[in-house]
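Here's input-v8.csv, which has CSV, C-alpha atoms:
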chain,number,residue,atom,x,y,z
A,1,MET,CA,62.3,23.6,-13.6
A,2,SER,CA,63.9,22.1,-10.4
A,3,GLN,CA,61.8,19.8,-8.3
A,4,ARG,CA,61.2,20.2,-4.6
A,5,ASP,CA,62.6,17.6,-2.3
A,6,TYR,CA,60.0,15.0,-1.7
A,7,TYR,CA,60.5,15.0,2.1
A,8,GLU,CA,60.1,18.8,2.1
A,9,VAL,CA,56.9,18.4,0.1
A,10,LEU,CA,55.3,16.1,2.7
A,11,GLY,CA,56.9,17.9,5.7
A,12,VAL,CA,58.7,14.9,7.1
A,13,SER,CA,62.3,14.1,8.0
A,14,ARG,CA,64.4,11.6,6.1
A,15,ASP,CA,64.3,9.1,8.9
A,16,SER,CA,60.5,9.1,9.1
A,17,GLY,CA,58.8,5.7,9.1
A,18,ASP,CA,56.0,4.5,6.7
A,19,ALA,CA,53.2,5.4,9.2
A,20,GLU,CA,54.5,9.0,9.6
A,21,ILE,CA,54.8,9.5,5.8
A,22,LYS,CA,51.3,8.1,5.2
A,23,SER,CA,49.8,10.3,7.9
A,24,ALA,CA,51.5,13.4,6.5
A,25,TYR,CA,50.3,12.6,3.0
A,26,ARG,CA,46.8,11.9,4.2
A,27,LYS,CA,46.5,15.3,5.9
A,28,LEU,CA,48.0,17.2,2.9
A,29,ALA,CA,45.8,15.3,0.4
A,30,LEU,CA,42.7,16.3,2.4
A,31,LYS,CA,43.9,19.9,2.6
A,32,PHE,CA,44.6,20.3,-1.1
A,33,HIS,CA,41.9,18.0,-2.5
A,34,PRO,CA,40.4,19.9,-5.5
A,35,ASP,CA,36.9,19.1,-4.3
A,36,ARG,CA,37.6,20.8,-0.9
A,37,ASN,CA,40.2,23.5,-1.8
A,38,LYS,CA,39.3,25.8,-4.7
A,39,GLU,CA,42.3,28.1,-4.2
A,40,GLU,CA,44.6,28.7,-7.1
A,41,GLY,CA,47.5,26.2,-7.1
A,42,ALA,CA,45.7,23.6,-4.8
A,43,ALA,CA,45.4,21.0,-7.6
A,44,GLU,CA,49.2,21.4,-8.3
A,45,ARG,CA,50.0,21.0,-4.7
A,46,PHE,CA,47.8,18.0,-4.5
A,47,LYS,CA,49.6,16.3,-7.5
A,48,GLU,CA,53.0,17.2,-6.0
A,49,CYS,CA,52.1,15.6,-2.7
A,50,ALA,CA,50.8,12.5,-4.5
A,51,GLU,CA,54.0,12.2,-6.5
A,52,ALA,CA,56.1,12.5,-3.4
A,53,TYR,CA,54.0,9.9,-1.6
A,54,ALA,CA,54.2,7.5,-4.6
A,55,VAL,CA,58.0,7.5,-4.2
A,56,LEU,CA,58.5,7.6,-0.4
A,57,SER,CA,55.9,4.9,0.2
A,58,ASP,CA,57.7,2.5,-2.1
A,59,GLU,CA,60.7,0.9,-0.4
A,60,GLU,CA,62.7,0.5,-3.6
A,61,LYS,CA,61.9,3.9,-5.1
A,62,ARG,CA,62.7,5.6,-1.8
A,63,ARG,CA,66.0,3.8,-1.6
A,64,ARG,CA,66.9,5.1,-5.1
A,65,TYR,CA,65.6,8.5,-4.3
A,66,ASP,CA,67.7,8.7,-1.1
A,67,GLN,CA,70.8,7.6,-3.1
A,68,PHE,CA,70.4,9.5,-6.3
A,69,GLY,CA,67.7,12.1,-5.7
A,70,HIS,CA,65.1,12.8,-8.4
A,71,ALA,CA,67.3,11.3,-11.1
A,72,GLY,CA,67.0,7.9,-9.3
A,73,VAL,CA,63.2,7.8,-9.9
A,74,GLN,CA,63.0,9.5,-13.3
A,75,GLY,CA,62.5,7.7,-16.6
A,76,ALA,CA,64.0,8.5,-20.0
A,77,SER,CA,61.6,11.4,-20.4
A,78,GLY,CA,63.3,13.2,-17.5
A,79,HIS,CA,60.4,13.2,-15.1
A,80,PRO,CA,58.4,10.7,-13.1
A,81,GLY,CA,56.1,9.0,-15.6
A,82,GLY,CA,58.5,8.4,-18.4
A,83,PRO,CA,59.7,4.9,-19.3
A,84,GLY,CA,61.0,3.1,-16.3
A,85,GLY,CA,59.5,5.7,-13.9
A,86,MET,CA,56.1,6.1,-12.3
A,87,ASN,CA,53.0,7.4,-14.0
A,88,MET,CA,50.4,9.7,-12.7
A,89,GLU,CA,47.7,7.1,-12.7
A,90,ASP,CA,49.8,5.0,-10.3
A,91,ILE,CA,50.2,8.0,-8.1
A,92,PHE,CA,46.4,8.6,-7.9
A,93,SER,CA,45.6,5.0,-7.4
A,94,GLN,CA,47.6,5.2,-4.2
A,95,PHE,CA,45.4,8.1,-3.2
A,96,GLY,CA,42.4,5.9,-3.9
A,97,ASP,CA,43.8,3.2,-1.5
A,98,ILE,CA,43.9,5.6,1.4
A,99,PHE,CA,40.5,7.0,0.7
A,100,GLY,CA,38.7,3.8,0.5
A,101,GLY,CA,38.6,3.0,-3.3
A,102,ARG,CA,40.6,1.7,-6.1
A,103,GLY,CA,41.1,3.0,-9.6
A,104,GLY,CA,41.6,6.4,-11.2
A,105,GLY,CA,38.4,8.3,-10.2
A,106,LEU,CA,40.3,11.3,-8.9
A,107,PHE,CA,42.9,11.0,-11.6
A,108,GLU,CA,40.1,11.1,-14.2
A,109,ASN,CA,38.6,14.1,-12.5
A,110,LEU,CA,41.7,16.2,-12.6
A,111,PHE,CA,42.6,15.3,-16.2
A,112,GLY,CA,39.1,15.4,-17.8
A,113,GLY,CA,38.5,11.7,-18.0
A,114,PHE,CA,35.0,11.8,-16.4
A,115,ALA,CA,33.2,13.0,-19.5
A,116,GLY,CA,35.8,12.8,-22.2
A,117,ALA,CA,34.7,11.3,-25.5
A,118,SER,CA,36.8,8.7,-27.2
A,119,SER,CA,37.5,8.9,-30.9
A,120,GLY,CA,34.3,8.1,-32.7
A,121,GLY,CA,32.6,6.9,-29.6
A,122,ALA,CA,29.9,8.1,-27.1
A,123,ALA,CA,31.0,10.2,-24.2
A,124,ARG,CA,31.1,8.8,-20.7
A,125,GLY,CA,28.7,10.3,-18.2
A,126,ARG,CA,29.6,12.8,-15.5
A,127,SER,CA,30.6,11.4,-12.2
A,128,LEU,CA,28.8,12.7,-9.1
A,129,ARG,CA,29.9,13.3,-5.5
A,130,ALA,CA,28.0,13.0,-2.3
A,131,ARG,CA,28.7,13.0,1.5
A,132,VAL,CA,27.5,10.7,4.3
A,133,THR,CA,28.0,11.1,8.0
A,134,ILE,CA,28.3,8.0,10.2
A,135,ASP,CA,28.9,7.3,13.9
A,136,LEU,CA,32.0,5.8,15.5
A,137,GLU,CA,30.0,2.6,16.2
A,138,ASP,CA,29.5,2.3,12.4
A,139,VAL,CA,33.3,2.3,11.9
A,140,LEU,CA,33.4,-0.7,14.3
A,141,ASN,CA,30.8,-2.8,12.6
A,142,GLY,CA,30.4,-1.3,9.1
A,143,THR,CA,27.0,0.0,7.9
A,144,GLU,CA,24.8,0.7,4.9
A,145,ARG,CA,23.4,4.1,4.0
A,146,THR,CA,20.8,4.9,1.4
A,147,LEU,CA,21.4,8.2,-0.4
A,148,VAL,CA,18.9,10.1,-2.6
A,149,VAL,CA,20.9,11.4,-5.6
A,150,ARG,CA,19.6,13.5,-8.5
A,151,ARG,CA,21.1,12.2,-11.6
A,152,GLN,CA,20.7,12.0,-15.4
A,153,ILE,CA,19.5,8.7,-16.8
A,154,ASP,CA,18.7,7.5,-20.3
A,155,CYS,CA,15.5,9.0,-21.6
A,156,SER,CA,12.6,6.5,-21.2
A,157,GLY,CA,11.1,7.7,-24.5
A,158,CYS,CA,14.1,7.1,-26.8
A,159,HIS,CA,16.2,4.9,-24.5
A,160,GLY,CA,19.1,7.3,-24.6
A,161,SER,CA,19.4,7.6,-28.4
A,162,GLY,CA,18.0,11.2,-28.5
A,163,ALA,CA,16.1,10.2,-31.7
A,164,LYS,CA,12.3,10.1,-32.0
A,165,ALA,CA,10.7,6.7,-31.8
A,166,GLY,CA,10.8,4.9,-35.1
A,167,SER,CA,13.8,7.0,-36.3
A,168,GLU,CA,17.6,6.6,-35.8
A,169,PRO,CA,20.5,9.0,-35.6
A,170,SER,CA,22.3,9.7,-38.8
A,171,THR,CA,26.0,9.5,-39.5
A,172,CYS,CA,27.6,12.9,-39.0
A,173,PRO,CA,28.4,14.3,-42.5
A,174,THR,CA,31.2,16.5,-41.1
A,175,CYS,CA,33.4,13.7,-39.7
A,176,GLN,CA,31.8,10.7,-41.5
A,177,GLY,CA,31.1,9.0,-38.1
A,178,ARG,CA,34.7,9.3,-36.8
A,179,GLY,CA,33.9,11.9,-34.1
A,180,ARG,CA,37.0,13.8,-34.9
A,181,VAL,CA,38.2,16.1,-37.7
A,182,HIS,CA,41.7,16.7,-38.9
A,183,GLN,CA,43.2,20.0,-40.0
A,184,GLN,CA,46.5,20.5,-41.7
A,185,ARG,CA,48.6,23.3,-40.1
A,186,GLY,CA,51.8,23.5,-41.9
A,187,PHE,CA,53.7,20.3,-41.4
A,188,LEU,CA,51.3,19.2,-38.6
A,189,ALA,CA,48.0,17.4,-38.8
A,190,VAL,CA,45.9,18.4,-35.8
A,191,ALA,CA,42.9,16.3,-34.7
A,192,SER,CA,40.1,17.8,-32.7
A,193,THR,CA,36.5,16.9,-31.6
A,194,CYS,CA,34.1,17.2,-34.4
A,195,PRO,CA,32.0,20.4,-34.0
A,196,GLY,CA,29.1,18.9,-35.9
A,197,CYS,CA,28.4,16.0,-33.5
A,198,GLN,CA,30.6,16.8,-30.5
A,199,GLY,CA,32.5,13.6,-30.9
A,200,ARG,CA,29.5,11.2,-31.1
A,201,GLY,CA,29.9,10.4,-34.8
A,202,GLU,CA,26.1,10.8,-35.2
A,203,VAL,CA,23.6,13.6,-35.4
A,204,ILE,CA,19.9,13.7,-34.5
A,205,THR,CA,17.8,14.7,-37.4
A,206,ASP,CA,14.4,13.9,-35.8
A,207,PRO,CA,14.8,14.5,-32.0
A,208,CYS,CA,12.8,12.8,-29.3
A,209,GLY,CA,9.9,15.0,-28.0
A,210,SER,CA,10.5,13.9,-24.4
A,211,CYS,CA,14.2,15.0,-24.1
A,212,GLN,CA,14.5,17.3,-27.1
A,213,GLY,CA,17.3,15.1,-28.5
A,214,SER,CA,19.5,15.1,-25.4
A,215,GLY,CA,18.8,11.4,-24.7
A,216,GLN,CA,18.6,12.0,-21.0
A,217,GLU,CA,16.1,12.8,-18.3
A,218,ASP,CA,16.4,13.9,-14.7
A,219,LYS,CA,15.6,11.4,-11.9
A,220,ARG,CA,16.0,11.1,-8.1
A,221,SER,CA,17.5,7.8,-7.4
A,222,GLU,CA,17.9,5.9,-4.1
A,223,ILE,CA,21.3,4.4,-4.0
A,224,ALA,CA,22.5,1.9,-1.2
A,225,VAL,CA,26.1,2.5,-0.2
A,226,GLN,CA,28.0,-0.1,1.7
A,227,ILE,CA,30.4,1.4,4.2
A,228,PRO,CA,33.1,-1.1,5.4
A,229,ALA,CA,34.2,-1.4,9.0
A,230,GLY,CA,37.5,0.4,9.8
A,231,ILE,CA,36.9,3.2,7.3
A,232,ASP,CA,38.8,6.5,7.8
A,233,GLU,CA,37.5,10.0,8.0
A,234,GLY,CA,37.5,11.6,4.5
A,235,ALA,CA,37.6,8.2,2.7
A,236,GLN,CA,35.8,8.0,-0.6
A,237,ILE,CA,33.7,5.1,-1.7
A,238,ARG,CA,33.2,4.6,-5.4
A,239,VAL,CA,29.8,3.3,-6.5
A,240,THR,CA,30.4,2.3,-10.1
A,241,GLY,CA,27.8,3.4,-12.8
A,242,MET,CA,25.7,5.5,-10.4
A,243,GLY,CA,26.7,8.9,-11.9
A,244,ASP,CA,25.0,10.5,-14.9
A,245,ALA,CA,24.3,8.5,-18.0
A,246,GLY,CA,26.6,8.9,-20.9
A,247,ALA,CA,25.5,10.9,-23.9
A,248,GLY,CA,24.5,8.8,-27.0
A,249,GLY,CA,24.5,5.6,-25.1
A,250,GLY,CA,27.9,6.1,-23.5
A,251,PRO,CA,28.8,4.5,-20.2
A,252,ALA,CA,27.5,6.1,-17.0
A,253,GLY,CA,29.8,7.9,-14.7
A,254,ASP,CA,30.4,6.9,-11.1
A,255,LEU,CA,29.2,8.1,-7.7
A,256,PHE,CA,31.9,9.1,-5.2
A,257,VAL,CA,30.7,9.2,-1.6
A,258,ALA,CA,33.0,11.0,1.0
A,259,VAL,CA,32.6,9.6,4.5
A,260,GLU,CA,32.6,11.9,7.5
A,261,ILE,CA,32.7,10.4,11.0
A,262,ARG,CA,30.7,12.1,13.8
A,263,GLU,CA,32.7,12.5,17.0
A,264,LYS,CA,31.7,10.6,20.1
A,265,GLU,CA,31.9,12.3,23.4
A,266,GLY,CA,34.7,10.9,25.6
A,267,PHE,CA,36.4,9.1,22.8
A,268,HIS,CA,39.4,10.1,20.6
A,269,ARG,CA,40.4,8.1,17.6
A,270,ASP,CA,44.0,7.6,16.5
A,271,GLY,CA,44.0,5.2,13.6
A,272,ARG,CA,42.7,1.9,14.9
A,273,ASP,CA,43.2,2.9,18.6
A,274,LEU,CA,40.7,4.7,20.8
A,275,TYR,CA,41.6,6.9,23.8
A,276,VAL,CA,39.5,7.7,26.8
A,277,GLU,CA,40.2,9.5,30.1
A,278,LEU,CA,38.7,8.4,33.4
A,279,PRO,CA,38.7,9.9,36.9
A,280,VAL,CA,39.6,7.8,39.9
A,281,SER,CA,39.5,8.8,43.5
A,282,PHE,CA,42.6,9.1,45.7
A,283,PRO,CA,41.7,5.9,47.6
A,284,GLN,CA,41.3,4.0,44.3
A,285,ALA,CA,44.6,5.2,43.1
A,286,ALA,CA,46.4,4.6,46.4
A,287,LEU,CA,44.8,1.2,47.3
A,288,GLY,CA,43.9,-0.1,43.8
A,289,ASP,CA,40.5,-1.0,42.5
A,290,ARG,CA,38.6,-2.5,39.6
A,291,ILE,CA,36.8,0.2,37.6
A,292,LEU,CA,34.3,0.2,34.8
A,293,VAL,CA,35.7,1.4,31.4
A,294,PRO,CA,33.4,2.5,28.6
A,295,THR,CA,33.9,0.9,25.2
A,296,LEU,CA,31.9,1.1,21.9
A,297,GLU,CA,30.4,-2.2,22.9
A,298,GLY,CA,29.5,-1.5,26.5
A,299,ASP,CA,31.5,-1.3,29.8
A,300,VAL,CA,34.3,-3.6,30.7
A,301,ARG,CA,36.2,-4.1,34.0
A,302,MET,CA,39.9,-2.9,34.3
A,303,THR,CA,42.2,-3.2,37.2
A,304,VAL,CA,43.8,-0.1,38.6
A,305,PRO,CA,46.8,-1.3,40.7
A,306,ALA,CA,47.7,0.2,44.0
A,307,GLY,CA,49.9,3.2,43.8
A,308,THR,CA,48.7,4.3,40.4
A,309,PRO,CA,49.9,7.9,39.6
A,310,THR,CA,47.6,10.4,37.9
A,311,GLY,CA,48.1,10.4,34.1
A,312,LYS,CA,48.9,6.6,34.0
A,313,LEU,CA,48.0,5.0,30.6
A,314,PHE,CA,46.5,1.5,30.5
A,315,ARG,CA,45.9,-0.6,27.4
A,316,VAL,CA,42.7,-2.7,27.0
A,317,ARG,CA,43.6,-4.9,24.0
A,318,ASN,CA,41.2,-5.5,21.1
A,319,HIS,CA,38.7,-2.9,22.1
A,320,GLY,CA,39.6,-0.4,19.5
A,321,LEU,CA,38.6,-0.3,15.8
A,322,PRO,CA,39.1,-2.9,13.1
A,323,LYS,CA,41.6,-2.5,10.2
A,324,LEU,CA,40.0,-1.7,6.9
A,325,HIS,CA,39.5,-4.9,4.9
A,326,GLY,CA,40.3,-7.1,7.8
A,327,GLY,CA,43.0,-7.6,10.4
A,328,ARG,CA,43.5,-7.3,14.1
A,329,ARG,CA,41.5,-4.7,16.0
A,330,GLY,CA,43.2,-1.8,17.7
A,331,ASP,CA,43.3,-1.2,21.4
A,332,LEU,CA,41.5,1.0,23.9
A,333,LEU,CA,43.9,3.2,25.8
A,334,VAL,CA,42.7,4.5,29.1
A,335,ARG,CA,44.4,7.4,30.8
A,336,VAL,CA,43.4,7.8,34.5
A,337,TYR,CA,43.7,10.9,36.6
A,338,VAL,CA,43.1,11.5,40.3
A,339,ASP,CA,39.9,13.4,40.8
A,340,VAL,CA,40.2,16.0,43.5
A,341,PRO,CA,36.9,16.8,45.1
A,342,GLN,CA,35.8,20.4,45.2
A,343,LYS,CA,33.7,20.0,48.4
A,344,LEU,CA,34.4,17.8,51.4
A,345,SER,CA,32.2,16.9,54.3
A,346,ARG,CA,33.4,17.4,57.8
A,347,GLU,CA,34.2,13.7,58.2
A,348,GLU,CA,36.2,13.6,55.0
A,349,LYS,CA,38.2,16.7,56.0
A,350,ASN,CA,39.0,15.1,59.4
A,351,LEU,CA,40.1,11.8,57.7
A,352,ILE,CA,42.4,13.7,55.3
A,353,LYS,CA,43.9,15.7,58.1
A,354,GLU,CA,44.6,12.5,60.0
A,355,LEU,CA,46.2,11.0,56.9
A,356,GLN,CA,48.3,14.2,56.5
A,357,ARG,CA,49.4,13.9,60.2
A,358,VAL,CA,50.4,10.3,59.8
A,359,GLN,CA,52.4,10.9,56.6
A,360,LYS,CA,54.2,13.9,58.2
A,361,GLU,CA,55.2,11.8,61.2
A,362,ARG,CA,56.5,9.0,58.9
A,363,VAL,CA,58.6,11.5,57.0
A,364,GLU,CA,60.0,13.0,60.3
A,365,GLU,CA,61.0,9.6,61.5

Show this structure as structure tokens.
Amino acid sequence: MSQRDYYEVLGVSRDSGDAEIKSAYRKLALKFHPDRNKEEGAAERFKECAEAYAVLSDEEKRRRYDQFGHAGVQGASGHPGGPGGMNMEDIFSQFGDIFGGRGGGLFENLFGGFAGASSGGAARGRSLRARVTIDLEDVLNGTERTLVVRRQIDCSGCHGSGAKAGSEPSTCPTCQGRGRVHQQRGFLAVASTCPGCQGRGEVITDPCGSCQGSGQEDKRSEIAVQIPAGIDEGAQIRVTGMGDAGAGGGPAGDLFVAVEIREKEGFHRDGRDLYVELPVSFPQAALGDRILVPTLEGDVRMTVPAGTPTGKLFRVRNHGLPKLHGGRRGDLLVRVYVDVPQKLSREEKNLIKELQRVQKERVEE
């Protein structure tokens, strides 16, 4: 099957810069994220966008792609992910970078890694998801939130074994403790999860009375989540080991916390920069003035020079938001506009008429 052009997938032109490519990918990733979009084909679109971004965000891969097309970034297997090419976990790790975490959490979710049992081993617990809403000031300084999450933990009665106190699980007679069974189908030997122990390699012959052999119990847990300064809308924070406990003593899953940022009236965010609009009077615009400008840390003074036209954009440096994981702060960009009063006093009208007369005479000269 032919592959779509990576630039077409992300909806960008071939001369787009890194920032434009990253922004386009971020929007598409949010749109087709399987947790947000349950429509048929959304997961495939998401993986297609991730694959395109993995190539176009890498200078060397992009150069090869521009020169040779898909063949320039394919391995011996004929598709990205073969020897010498990219693999899907690399693609999803890049998604994790944008959304505030490292590792293959989302990769595992799409391909069944959250609760998959290894051969002859205990299954990993299910990972959980939560959301938290913060203010724009929290993006500036970072913050901590405590979430109450209902999760499965190891049973206090049997400590996760599922067996009654004083007894132990027995080796599964079906698979002899391997967790997998093999069936011969013609010339092929097919391995599958053991139906007798569901891959654990052990069976409970005398179950725990508290958990009826499941090895788990339900609990409401308070979990502190550190939210770093500079985080983006939609970023996911991974809290390792705070998902459900694994069956049969397997490792716990993780908790993924999606961050939403509450809008602040009067401010618009664009990456690290903040935008505000402020009215000035005609005398201030014509004669110049020092005005108060709101920031996330209080008001600051800014000079409006004489003759400032409406719509003029000023930059107040280092009063924007910080870069995630450190770096220079963004700027505050202030757009001023001349505020035309709706009602005028008699004195104001007379003064404006006098100004109009003087300006008219100057033009006629």

- request: List the neighbours of Ser170 (chain A) out to 12 Å using all atoms listed in the file; skip same-chain residues closer than 2 positions along the sequence, and give me the result as a ChimeraX atom specification.
  value: /A:161-163,167-168,172-177,196-197,200-207

query: Can you list, as number ranges by chain, every protein, DNA or RNA residue that comes within 7 Å of region 125-128 of chain A when you count only C-alpha atoms, leaving out same-chain residues fewer than 5 positions away?
result: A: 114-115, 243-247, 250-256

- prompt: Could you tell me, as number ranges by chain, which residues have any atom at most 10 Å from (15.8, 11.9, -25.9), counting all atoms listed in the file?
  reply: A: 154-165, 204, 207-217, 247-248

Write the residues you've just listed into a file as a PDB file, in the coordinates of the input, and include C-alpha atoms for each of them.
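File written: selection_5.pdb
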ATOM      1  CA  ASP A 154      18.700   7.500 -20.300  1.00  0.00           C
ATOM      2  CA  CYS A 155      15.500   9.000 -21.600  1.00  0.00           C
ATOM      3  CA  SER A 156      12.600   6.500 -21.200  1.00  0.00           C
ATOM      4  CA  GLY A 157      11.100   7.700 -24.500  1.00  0.00           C
ATOM      5  CA  CYS A 158      14.100   7.100 -26.800  1.00  0.00           C
ATOM      6  CA  HIS A 159      16.200   4.900 -24.500  1.00  0.00           C
ATOM      7  CA  GLY A 160      19.100   7.300 -24.600  1.00  0.00           C
ATOM      8  CA  SER A 161      19.400   7.600 -28.400  1.00  0.00           C
ATOM      9  CA  GLY A 162      18.000  11.200 -28.500  1.00  0.00           C
ATOM     10  CA  ALA A 163      16.100  10.200 -31.700  1.00  0.00           C
ATOM     11  CA  LYS A 164      12.300  10.100 -32.000  1.00  0.00           C
ATOM     12  CA  ALA A 165      10.700   6.700 -31.800  1.00  0.00           C
ATOM     13  CA  ILE A 204      19.900  13.700 -34.500  1.00  0.00           C
ATOM     14  CA  PRO A 207      14.800  14.500 -32.000  1.00  0.00           C
ATOM     15  CA  CYS A 208      12.800  12.800 -29.300  1.00  0.00           C
ATOM     16  CA  GLY A 209       9.900  15.000 -28.000  1.00  0.00           C
ATOM     17  CA  SER A 210      10.500  13.900 -24.400  1.00  0.00           C
ATOM     18  CA  CYS A 211      14.200  15.000 -24.100  1.00  0.00           C
ATOM     19  CA  GLN A 212      14.500  17.300 -27.100  1.00  0.00           C
ATOM     20  CA  GLY A 213      17.300  15.100 -28.500  1.00  0.00           C
ATOM     21  CA  SER A 214      19.500  15.100 -25.400  1.00  0.00           C
ATOM     22  CA  GLY A 215      18.800  11.400 -24.700  1.00  0.00           C
ATOM     23  CA  GLN A 216      18.600  12.000 -21.000  1.00  0.00           C
ATOM     24  CA  GLU A 217      16.100  12.800 -18.300  1.00  0.00           C
ATOM     25  CA  ALA A 247      25.500  10.900 -23.900  1.00  0.00           C
ATOM     26  CA  GLY A 248      24.500   8.800 -27.000  1.00  0.00           C
TER      27      GLY A 248
END

Given the point (20.0, 1.8, -4.5) in the coordinates of this file, which residues lie within 12 Å, counting all atoms listed in the file, and how would they look as an mmCIF file with C-alpha atoms, keeping the file's coordinate frame?
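Below is the file that was written, result_18.cif:
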data_model
loop_
_atom_site.group_PDB
_atom_site.id
_atom_site.type_symbol
_atom_site.label_atom_id
_atom_site.label_comp_id
_atom_site.auth_asym_id
_atom_site.auth_seq_id
_atom_site.Cartn_x
_atom_site.Cartn_y
_atom_site.Cartn_z
ATOM 1 C CA GLU A 144 24.800 0.700 4.900
ATOM 2 C CA ARG A 145 23.400 4.100 4.000
ATOM 3 C CA THR A 146 20.800 4.900 1.400
ATOM 4 C CA LEU A 147 21.400 8.200 -0.400
ATOM 5 C CA VAL A 148 18.900 10.100 -2.600
ATOM 6 C CA VAL A 149 20.900 11.400 -5.600
ATOM 7 C CA ARG A 220 16.000 11.100 -8.100
ATOM 8 C CA SER A 221 17.500 7.800 -7.400
ATOM 9 C CA GLU A 222 17.900 5.900 -4.100
ATOM 10 C CA ILE A 223 21.300 4.400 -4.000
ATOM 11 C CA ALA A 224 22.500 1.900 -1.200
ATOM 12 C CA VAL A 225 26.100 2.500 -0.200
ATOM 13 C CA GLN A 226 28.000 -0.100 1.700
ATOM 14 C CA VAL A 239 29.800 3.300 -6.500
ATOM 15 C CA THR A 240 30.400 2.300 -10.100
ATOM 16 C CA GLY A 241 27.800 3.400 -12.800
ATOM 17 C CA MET A 242 25.700 5.500 -10.400
ATOM 18 C CA LEU A 255 29.200 8.100 -7.700
#
